[in-house]
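**Student:** Take a look at upload.cif, mmCIF, C-alpha atoms and all ligand atoms:
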data_entry
#
loop_
_atom_site.label_atom_id
_atom_site.label_comp_id
_atom_site.auth_asym_id
_atom_site.auth_seq_id
_atom_site.Cartn_x
_atom_site.Cartn_y
_atom_site.Cartn_z
CA MET A 236 0.00 0.00 0.00
CA LYS A 237 1.19 3.47 -0.83
CA ILE A 238 1.33 6.20 1.78
CA THR A 239 -0.37 8.63 -0.61
CA SER A 240 -3.54 6.52 -0.43
CA LEU A 241 -3.86 7.55 3.25
CA PHE A 242 -4.33 11.21 2.38
CA SER A 243 -7.58 10.78 0.49
CA ARG A 244 -9.34 9.85 3.77
CA GLN A 245 -11.07 12.44 5.95
CA HIS A 246 -9.31 10.81 8.89
CA PRO A 247 -6.02 12.24 10.29
CA THR A 248 -2.80 10.37 9.49
CA LEU A 249 -0.47 9.71 12.44
CA SER A 250 2.92 8.05 12.01
CA PHE A 251 6.02 7.40 14.12
CA GLU A 252 9.74 7.13 13.44
CA VAL A 253 12.48 4.74 14.49
CA PHE A 254 16.16 4.74 13.63
CA PRO A 255 18.34 1.71 12.92
CA PRO A 256 20.93 0.51 15.45
CA LYS A 257 24.50 1.81 15.22
CA ASN A 258 25.71 -1.78 15.43
CA GLY A 259 24.35 -5.30 15.73
CA ASP A 260 24.52 -5.20 19.57
CA HIS A 261 21.55 -2.83 19.72
CA TYR A 262 19.49 -4.56 17.07
CA ASN A 263 17.17 -6.30 19.55
CA SER A 264 16.36 -3.10 21.41
CA VAL A 265 15.33 -1.42 18.15
CA GLU A 266 13.21 -4.43 17.22
CA TYR A 267 11.57 -4.20 20.64
CA ALA A 268 10.84 -0.48 20.12
CA VAL A 269 9.30 -1.30 16.73
CA SER A 270 7.09 -4.01 18.24
CA GLN A 271 5.82 -1.67 20.97
CA ILE A 272 5.14 1.27 18.66
CA ALA A 273 3.50 -1.04 16.10
CA LYS A 274 0.94 -2.03 18.78
CA LEU A 275 -0.42 1.51 18.54
CA ASN A 276 -1.44 0.69 14.97
CA PRO A 277 -0.03 3.89 13.43
CA ASP A 278 -0.80 4.70 9.80
CA PHE A 279 2.84 4.08 8.97
CA MET A 280 6.26 3.89 10.62
CA SER A 281 9.40 5.32 9.08
CA VAL A 282 12.92 4.05 9.56
CA THR A 283 15.81 6.46 9.05
CA TYR A 284 18.96 5.69 7.10
CA ARG A 285 22.46 6.39 8.29
CA ALA A 286 24.05 8.44 5.50
CA GLY A 287 27.37 6.94 4.50
CA GLY A 288 25.73 3.55 4.61
CA SER A 289 27.87 1.58 7.09
CA THR A 290 24.74 0.10 8.67
CA ALA A 291 22.58 0.38 5.55
CA GLU A 292 21.30 -3.17 5.74
CA TYR A 293 19.68 -2.50 9.12
CA SER A 294 17.29 0.08 7.64
CA VAL A 295 15.75 -2.40 5.22
CA ALA A 296 15.74 -5.12 7.90
CA ILE A 297 13.89 -2.82 10.34
CA ALA A 298 11.47 -1.75 7.59
CA THR A 299 10.78 -5.45 6.98
CA THR A 300 10.16 -5.97 10.71
CA ILE A 301 7.66 -3.08 10.64
CA LEU A 302 5.89 -4.75 7.71
CA ASN A 303 5.84 -8.07 9.58
CA HIS A 304 4.09 -6.31 12.46
CA GLY A 305 1.32 -5.35 10.04
CA VAL A 306 2.29 -1.66 9.80
CA LEU A 307 3.13 0.18 6.59
CA PRO A 308 6.87 0.97 6.48
CA LEU A 309 8.49 4.07 5.00
CA ALA A 310 12.19 3.37 4.38
CA HIS A 311 14.51 6.39 4.26
CA LEU A 312 17.29 6.20 1.69
CA THR A 313 20.17 8.66 1.28
CA CYS A 314 22.39 9.03 -1.77
CA VAL A 315 25.36 11.05 -0.50
CA GLY A 316 28.59 9.16 -1.24
CA SER A 317 26.68 6.42 -3.06
CA THR A 318 26.71 5.12 -6.62
CA ARG A 319 23.93 4.36 -9.11
CA GLU A 320 24.81 0.65 -8.94
CA ARG A 321 24.51 0.56 -5.15
CA ILE A 322 21.21 2.45 -5.18
CA THR A 323 19.84 0.08 -7.82
CA GLU A 324 20.77 -2.89 -5.60
CA GLN A 325 19.02 -1.28 -2.64
CA LEU A 326 15.87 -0.55 -4.65
CA GLN A 327 15.85 -4.14 -5.87
CA GLU A 328 16.13 -5.40 -2.29
CA MET A 329 13.30 -3.15 -1.12
CA LYS A 330 11.11 -4.30 -3.97
CA GLU A 331 11.80 -7.94 -3.13
CA LYS A 332 10.92 -7.33 0.54
CA GLY A 333 7.62 -5.64 -0.38
CA ILE A 334 8.66 -2.13 0.72
CA GLU A 335 6.73 0.31 -1.45
CA ASN A 336 7.40 3.66 0.23
CA ILE A 337 10.75 5.48 0.23
CA LEU A 338 11.77 8.84 1.69
CA ALA A 339 14.47 9.90 -0.77
CA LEU A 340 17.19 12.10 0.71
CA ARG A 341 20.61 13.41 -0.08
CA GLY A 342 21.86 13.06 3.50
CA ASP A 343 24.33 15.37 5.20
CA ILE A 344 27.74 15.64 3.59
CA PRO A 345 30.19 14.29 6.22
CA GLU A 346 32.14 17.07 7.96
CA GLY A 347 35.35 17.98 6.17
CA MET A 348 34.32 16.14 2.96
CA GLU A 349 33.40 17.53 -0.42
CA HIS A 350 31.54 16.05 -3.36
CA SER A 351 33.78 13.46 -5.02
CA ASN A 352 33.68 12.29 -8.64
CA SER A 353 33.13 8.73 -7.41
CA TRP A 354 29.73 9.80 -5.98
CA SER A 355 26.86 9.45 -8.45
CA TYR A 356 24.59 11.99 -6.75
CA ARG A 357 24.79 15.64 -5.71
CA TYR A 358 21.19 16.29 -4.71
CA ALA A 359 18.10 14.37 -3.66
CA ALA A 360 16.26 15.33 -6.88
CA GLU A 361 18.68 13.10 -8.82
CA LEU A 362 17.92 10.16 -6.52
CA ILE A 363 14.17 10.78 -6.87
CA ARG A 364 14.52 10.73 -10.67
CA ASP A 365 16.35 7.36 -10.50
CA ILE A 366 13.82 5.81 -8.11
CA ARG A 367 10.94 7.01 -10.28
CA ALA A 368 12.61 5.48 -13.36
CA TYR A 369 13.33 2.21 -11.51
CA ASP A 370 9.83 1.26 -10.38
CA ASP A 371 6.48 2.42 -9.14
CA PHE A 372 7.59 3.28 -5.58
CA CYS A 373 5.71 5.90 -3.59
CA ILE A 374 8.39 8.57 -3.04
CA GLY A 375 8.63 11.17 -0.31
CA ALA A 376 11.17 13.97 0.13
CA ALA A 377 12.31 16.26 2.93
CA CYS A 378 11.29 19.91 3.15
CA TYR A 379 12.37 22.70 5.47
CA PRO A 380 9.82 25.24 6.74
CA GLU A 381 12.69 27.37 8.06
CA GLY A 382 14.99 26.67 5.08
CA HIS A 383 17.76 24.12 4.71
CA PRO A 384 21.02 25.40 6.26
CA GLU A 385 22.79 25.31 2.87
CA SER A 386 20.10 27.37 1.10
CA GLN A 387 20.74 31.08 0.52
CA ASN A 388 17.14 32.05 1.25
CA GLN A 389 13.64 30.61 1.42
CA GLY A 390 12.89 31.41 -2.25
CA GLU A 391 15.84 29.30 -3.38
CA ASP A 392 14.92 26.56 -0.93
CA ILE A 393 11.37 26.36 -2.31
CA SER A 394 12.63 26.31 -5.94
CA ARG A 395 14.85 23.35 -5.05
CA LEU A 396 11.89 21.63 -3.41
CA LYS A 397 9.88 22.18 -6.59
CA GLU A 398 12.66 20.39 -8.52
CA LYS A 399 12.24 17.37 -6.21
CA VAL A 400 8.49 17.34 -6.74
CA ASP A 401 8.89 17.70 -10.50
CA ALA A 402 11.40 14.82 -10.39
CA GLY A 403 8.57 12.59 -9.18
CA CYS A 404 8.09 12.89 -5.44
CA ASP A 405 4.57 12.15 -4.18
CA PHE A 406 4.62 13.77 -0.74
CA ILE A 407 6.93 15.80 1.48
CA THR A 408 7.74 15.56 5.18
CA THR A 409 8.88 18.62 7.09
CA GLN A 410 11.88 19.17 9.26
CA MET A 411 10.80 19.66 12.89
CA PHE A 412 9.42 23.06 13.85
CA PHE A 413 8.18 24.37 17.20
CA ASP A 414 5.88 27.15 16.07
CA ASN A 415 2.95 26.03 13.92
CA ASN A 416 2.64 29.48 12.32
CA ILE A 417 5.96 28.76 10.60
CA LEU A 418 4.37 25.72 8.96
CA TYR A 419 1.16 27.53 8.00
CA ASN A 420 3.17 30.33 6.30
CA TYR A 421 5.40 27.82 4.58
CA ILE A 422 2.50 25.82 3.17
CA TYR A 423 0.99 29.02 1.80
CA LYS A 424 4.29 29.84 0.06
CA ILE A 425 4.91 26.38 -1.42
CA ARG A 426 1.34 26.20 -2.74
CA GLU A 427 1.91 29.60 -4.40
CA ALA A 428 5.06 28.13 -5.96
CA GLY A 429 2.95 25.37 -7.53
CA ILE A 430 3.87 22.57 -5.11
CA THR A 431 0.64 20.67 -4.59
CA VAL A 432 1.75 17.34 -3.06
CA PRO A 433 0.61 16.42 0.49
CA VAL A 434 2.73 17.81 3.33
CA ILE A 435 3.36 15.70 6.43
CA ALA A 436 4.15 17.84 9.47
CA GLY A 437 7.17 16.48 11.39
CA ILE A 438 6.76 16.94 15.14
CA MET A 439 9.64 16.37 17.54
CA PRO A 440 8.68 15.70 21.18
CA VAL A 441 11.65 17.10 23.04
CA THR A 442 12.70 14.91 25.92
CA ASN A 443 16.35 15.88 26.18
CA ALA A 444 17.14 19.59 26.52
CA LYS A 445 20.86 19.44 25.66
CA HIS A 446 20.22 17.28 22.63
CA ILE A 447 17.60 19.63 21.19
CA LYS A 448 19.77 22.74 21.52
CA HIS A 449 22.48 21.00 19.52
CA ILE A 450 20.08 19.69 16.84
CA CYS A 451 18.47 23.12 16.46
CA GLU A 452 21.87 24.76 15.97
CA LEU A 453 22.72 22.28 13.22
CA SER A 454 19.35 22.33 11.46
CA GLY A 455 18.59 26.04 11.81
CA THR A 456 15.29 25.31 13.59
CA THR A 457 14.27 28.18 15.86
CA LEU A 458 13.11 27.65 19.42
CA PRO A 459 10.21 30.01 20.27
CA GLN A 460 10.48 31.91 23.57
CA ARG A 461 7.62 29.85 25.02
CA PHE A 462 9.56 26.68 24.32
CA LYS A 463 12.88 28.09 25.53
CA ALA A 464 11.22 28.89 28.86
CA ILE A 465 10.17 25.24 29.18
CA VAL A 466 13.69 24.01 28.41
CA ASP A 467 15.23 26.53 30.84
CA ARG A 468 12.82 25.57 33.62
CA PHE A 469 12.68 21.77 33.21
CA GLY A 470 15.77 20.92 31.12
CA ASP A 471 17.76 19.67 34.10
CA SER A 472 15.06 17.25 35.22
CA PRO A 473 14.71 14.43 32.64
CA LYS A 474 11.29 13.30 33.92
CA ALA A 475 9.83 16.80 34.02
CA MET A 476 11.33 17.58 30.59
CA MET A 477 9.76 14.45 29.17
CA ASP A 478 6.31 15.42 30.50
CA ALA A 479 6.69 19.00 29.26
CA GLY A 480 8.05 17.90 25.86
CA ILE A 481 5.18 15.46 25.33
CA ALA A 482 2.62 18.08 26.39
CA TYR A 483 4.15 20.66 24.01
CA ALA A 484 4.18 18.21 21.07
CA THR A 485 0.60 17.13 21.83
CA GLU A 486 -0.53 20.74 21.84
CA GLN A 487 1.21 21.37 18.50
CA ILE A 488 -0.51 18.32 16.97
CA ILE A 489 -3.95 19.31 18.29
CA ASP A 490 -3.51 22.80 16.82
CA LEU A 491 -2.49 21.28 13.45
CA LEU A 492 -5.52 18.98 13.39
CA ALA A 493 -7.85 21.78 14.50
CA ASN A 494 -6.58 23.90 11.62
CA GLY A 495 -7.21 21.17 9.06
CA HIS A 496 -3.65 19.88 8.76
CA ASN A 497 -4.38 16.18 8.91
CA ALA A 498 -0.99 14.50 8.37
CA VAL A 499 1.39 14.36 11.34
CA HIS A 500 4.62 12.42 11.73
CA VAL A 501 6.12 12.09 15.22
CA TYR A 502 9.89 11.84 15.55
CA SER A 503 9.56 9.23 18.27
CA MET A 504 13.25 8.22 18.14
CA ASN A 505 12.95 4.57 19.27
CA LYS A 506 11.08 5.65 22.39
CA PRO A 507 7.88 3.62 22.74
CA GLU A 508 6.88 5.56 25.86
CA VAL A 509 6.89 8.83 23.91
CA ALA A 510 4.82 7.31 21.11
CA GLN A 511 2.40 5.67 23.56
CA ARG A 512 1.83 8.82 25.57
CA ILE A 513 1.27 11.03 22.53
CA HIS A 514 -1.01 8.43 21.01
CA GLY A 515 -2.90 8.18 24.31
CA ASN A 516 -3.31 11.97 24.49
CA LEU A 517 -4.77 11.99 20.99
CA ALA A 518 -6.85 8.80 21.11
CA ARG A 519 -10.26 10.45 21.24
CA ILE A 520 -9.17 13.39 19.09
CA LEU A 521 -8.12 11.02 16.32
CA GLU A 522 -11.58 9.47 16.30
CA ASN A 523 -13.02 12.77 15.01
P1 LIG B 601 18.48 18.15 -1.08
O1 LIG B 601 17.05 18.25 -1.41
O2 LIG B 601 19.39 17.65 -2.13
O3 LIG B 601 18.95 19.61 -0.60
C1 LIG B 601 20.20 19.82 0.04
C2 LIG B 601 20.61 21.27 -0.18
O4 LIG B 601 21.01 21.47 -1.54
C3 LIG B 601 19.49 22.29 0.06
O5 LIG B 601 20.06 23.45 0.61
C4 LIG B 601 18.97 22.58 -1.33
O6 LIG B 601 18.37 23.86 -1.44
C5 LIG B 601 20.27 22.50 -2.14
N1 LIG B 601 20.06 22.11 -3.55
C6 LIG B 601 19.22 21.16 -4.01
N2 LIG B 601 19.34 21.05 -5.35
C7 LIG B 601 20.30 21.95 -5.74
C8 LIG B 601 20.88 22.31 -6.99
N3 LIG B 601 20.50 21.73 -8.14
N4 LIG B 601 21.85 23.27 -7.00
C9 LIG B 601 22.25 23.87 -5.85
N5 LIG B 601 21.72 23.58 -4.63
C10 LIG B 601 20.75 22.62 -4.57
N6 LIG B 601 19.45 12.38 6.98
C11 LIG B 601 19.96 11.11 7.03
O7 LIG B 601 21.18 10.94 6.94
N7 LIG B 601 19.13 10.02 7.19
C12 LIG B 601 17.78 10.14 7.28
O8 LIG B 601 17.08 9.14 7.41
C13 LIG B 601 17.22 11.46 7.24
N8 LIG B 601 15.88 11.64 7.31
C14 LIG B 601 15.36 12.92 7.20
C15 LIG B 601 13.97 13.09 7.23
C16 LIG B 601 13.41 14.35 7.15
C17 LIG B 601 11.91 14.53 7.15
C18 LIG B 601 14.26 15.50 7.04
C19 LIG B 601 13.66 16.88 6.97
C20 LIG B 601 15.64 15.33 7.00
C21 LIG B 601 16.21 14.06 7.08
N9 LIG B 601 17.59 13.84 7.02
C22 LIG B 601 18.11 12.57 7.08
C23 LIG B 601 18.51 14.99 6.92
C24 LIG B 601 18.83 15.33 5.44
O9 LIG B 601 19.51 14.25 4.85
C25 LIG B 601 19.71 16.59 5.43
O10 LIG B 601 18.95 17.70 5.81
C26 LIG B 601 20.48 16.84 4.15
O11 LIG B 601 21.45 17.88 4.40
C27 LIG B 601 19.63 17.32 2.99
O12 LIG B 601 18.90 16.31 2.46
P2 LIG B 601 17.79 16.61 1.33
O13 LIG B 601 17.28 15.32 0.86
O14 LIG B 601 16.82 17.62 1.80
O15 LIG B 601 18.75 17.28 0.20
#
Can you dump the structure from the file as structure tokens?
**Tutor:**
Amino acid sequence: MKITSLFSRQHPTLSFEVFPPKNGDHYNSVEYAVSQIAKLNPDFMSVTYRAGGSTAEYSVAIATTILNHGVLPLAHLTCVGSTRERITEQLQEMKEKGIENILALRGDIPEGMEHSNSWSYRYAAELIRDIRAYDDFCIGAACYPEGHPESQNQGEDISRLKEKVDAGCDFITTQMFFDNNILYNYIYKIREAGITVPVIAGIMPVTNAKHIKHICELSGTTLPQRFKAIVDRFGDSPKAMMDAGIAYATEQIIDLLANGHNAVHVYSMNKPEVAQRIHGNLARILEN
């Protein structure tokens, strides 16, 4: 089943994310997280891909586990540092395993490295074109309501996004954001630019204050004053921060749903408790 078929329903779409283990030692704990999150019966579960590919096989294996739990998997795939031959092998493997949905990404260029002639891809649009030519996969791409850090300005960022959509992407998932008005403005602008594909709002429940400051610096995501106050007040107490982070994310999702934005993806980061609590908070809301 293709993820795009979910968007024709009146019903909201709620999905969760897991990431593959760094090495085989942690494989079981990721499988456990998948099994627990799958019990919530989300509309789909995504599994990230470690750019550079040293643990690439785990992503497809985890996506297959998701499928075996009866949940639709979305497998991320990055192309930085890769070759056309390698990507073709990976697409073939996904097809054989029954994985129909791919989030096609460039991936971050490793620090201190530059594009090399041995790499087949510079940008995600090229990967999307190859996937589209390979088979009838449902293809998603990343988008950045506050701009990608390498983009000069939002206009350029949106033009590059349009290239990905024109290359054949079927839906887009946003980078995390902590102020819904940023998303509402962004959607207005991309629609004006002729981008009509469904937008999945990526929501990050913040449970670790130090971690989020670092991620925001790297990704260029802004922390609104209201959120900074929460981090300043509760950041040193992991339990309080978890409660506050889940409450903040829940509130963001309710506001999105109330304003007619029906597709929400939660960056649940292998934490079943986070997924369970957000799902529990929304249980009756999702019935409407
Ligand atoms: P692109 O769309 O190629 O864009 C990268 C930059 O290049 C942008 O600034 C863009 O404006 C610019 N650009 C694009 N085309 C051109 C062109 N023709 N000429 C000049 N400039 C151009 N990373 C992982 O490693 N694994 C994951 O699983 C993963 N999942 C993600 C999921 C989501 C929803 C998001 C938002 C990000 C994810 N990332 C992941 C991070 C992502 O790989 C990085 O943000 C990466 O730096 C950019 O990837 P992209 O696919 O958006 O690249």
**Student:** So how many Å separate CA of Gly305 in chain A and CA of Met411 in chain A, to one decimal?
**Tutor:**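 Distance between the two atoms: 26.9 Å.
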**Student:** Counting only C-alpha atoms and all ligand atoms, what residues are within 6 Å of ligand LIG 601 (chain B), given as a PyMOL selection string?
**Tutor:** chain A and resi 283-286+311+340-343+358-359+377-378+383+385-386+392+395+408-410
**Student:** With a distance cut-off of 10 Å and all atoms listed in the file, select the neighbouring residues of Gln271 in chain A, excluding the residue or stretch itself and same-chain residues fewer than 5 positions from it, and output the selection as a list of chain:residue names.
**Tutor:**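 My list of contacting residues is A:Val265, A:Glu266, A:Asn276, A:His304, A:Asn505, A:Lys506, A:Pro507, A:Glu508, A:Ala510, A:Gln511.
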**Student:** Take the residues from that selection and put them in a file with C-alpha atoms, as a compact mmCIF listing (two decimals), keeping the file's coordinate frame.
**Tutor:**
# COMPACT_ATOMS: atom_id res chain seq x y z
CA VAL A 265 15.33 -1.42 18.15
CA GLU A 266 13.21 -4.43 17.22
CA ASN A 276 -1.44 0.69 14.97
CA HIS A 304 4.09 -6.31 12.46
CA ASN A 505 12.95 4.57 19.27
CA LYS A 506 11.08 5.65 22.39
CA PRO A 507 7.88 3.62 22.74
CA GLU A 508 6.88 5.56 25.86
CA ALA A 510 4.82 7.31 21.11
CA GLN A 511 2.40 5.67 23.56
**Student:** What is the distance between CA of Pro473 in chain A and CA of Lys448 in chain A, in Å to one decimal?
**Tutor:**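 Pair CA of Pro473 in chain A / CA of Lys448 in chain A returns 14.8 Å.
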**Student:** Quick check, in Å to one decimal: how far apart do CA of Leu312 in chain A and CA of Ala339 in chain A lie?
**Tutor:**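 Pair CA of Leu312 in chain A / CA of Ala339 in chain A returns 5.3 Å.
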**Student:** Restricting the calculation to all atoms listed in the file: of A:Lys463, A:Val432, A:Ser250, A:Met280, which residue gets closest to Lys445 in chain A?
**Tutor:**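 Once distances to Lys445 in chain A are computed over all atoms listed in the file, the minimum belongs to A:Lys463.
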**Student:** Would you kindly return, as JSON, numbers by chain, each protein, DNA or RNA residue with an atom no farther than 9 Å from any atom of range 519-522 of chain A, considering all atoms listed in the file and excluding same-chain residues fewer than 4 positions away?
**Tutor:** {"A": [246, 247, 248, 249, 489, 492, 514, 515]}
**Student:** Using all atoms listed in the file, pick whichever of A:Asn523, A:Thr431, A:Asn443, A:Asn263 has the shortest atom-to-atom distance to Asp471 in chain A.
**Tutor:**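 Using all atoms listed in the file, the shortest distance to Asp471 in chain A belongs to A:Asn443.
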**Student:** Which of these residues is nearest to His261 in chain A, using only C-alpha atoms: A:Phe462, A:Glu486, A:Tyr293, A:Pro384?
**Tutor:**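 Nearest candidate to His261 in chain A out of A:Phe462, A:Glu486, A:Tyr293, A:Pro384: A:Tyr293.
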**Student:** Given all atoms listed in the file as the basis, pick out the residue of A:Ala436, A:Ile238, A:Ala518, A:Val441 nearest to Phe372 in chain A.
**Tutor:**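 Between A:Ala436, A:Ile238, A:Ala518, A:Val441, the residue approaching Phe372 in chain A most closely is A:Ile238.
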**Student:** Give me the residues near range 327-335 of chain A as a PyMOL selection string, where near means some atom within 7 Å (using only C-alpha atoms) and where sequence neighbours in that chain fewer than 2 positions away do not count.
**Tutor:** chain A and resi 236-237+295+299+308+323-325+337+372-373
**Student:** Box time for range 447-463 of chain A: axis-aligned, enclosing all its listed atoms, 6 Å extra on each side; report centre and edge lengths in Å to one decimal, as AutoDock Vina command-line options.
**Tutor:**
--center_x 15.2 --center_y 25.8 --center_z 18.5 --size_x 27.1 --size_y 24.3 --size_z 26.1
**Student:** For a quick check of understanding, using all atoms listed in the file, which of A:Gly382, A:Asp278, A:Tyr483, A:Ile393 has the smallest distance to Arg244 in chain A?
**Tutor:** A:Asp278
**Student:** Could you tell me which of A:Ser294, A:Gly437, A:Lys274, A:Phe412 comes closest to Asn497 in chain A if we count only C-alpha atoms?
**Tutor:**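 Using only C-alpha atoms, Asn497 in chain A sits closest to A:Gly437.
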**Student:** Place a sphere of radius 8 Å on (6.4, 19.8, -7.1) in the file coordinates and name every protein, DNA or RNA residue with an atom inside or on its surface, counting only C-alpha atoms; give the answer as a ChimeraX atom specification.
**Tutor:** /A:396-404,429-432
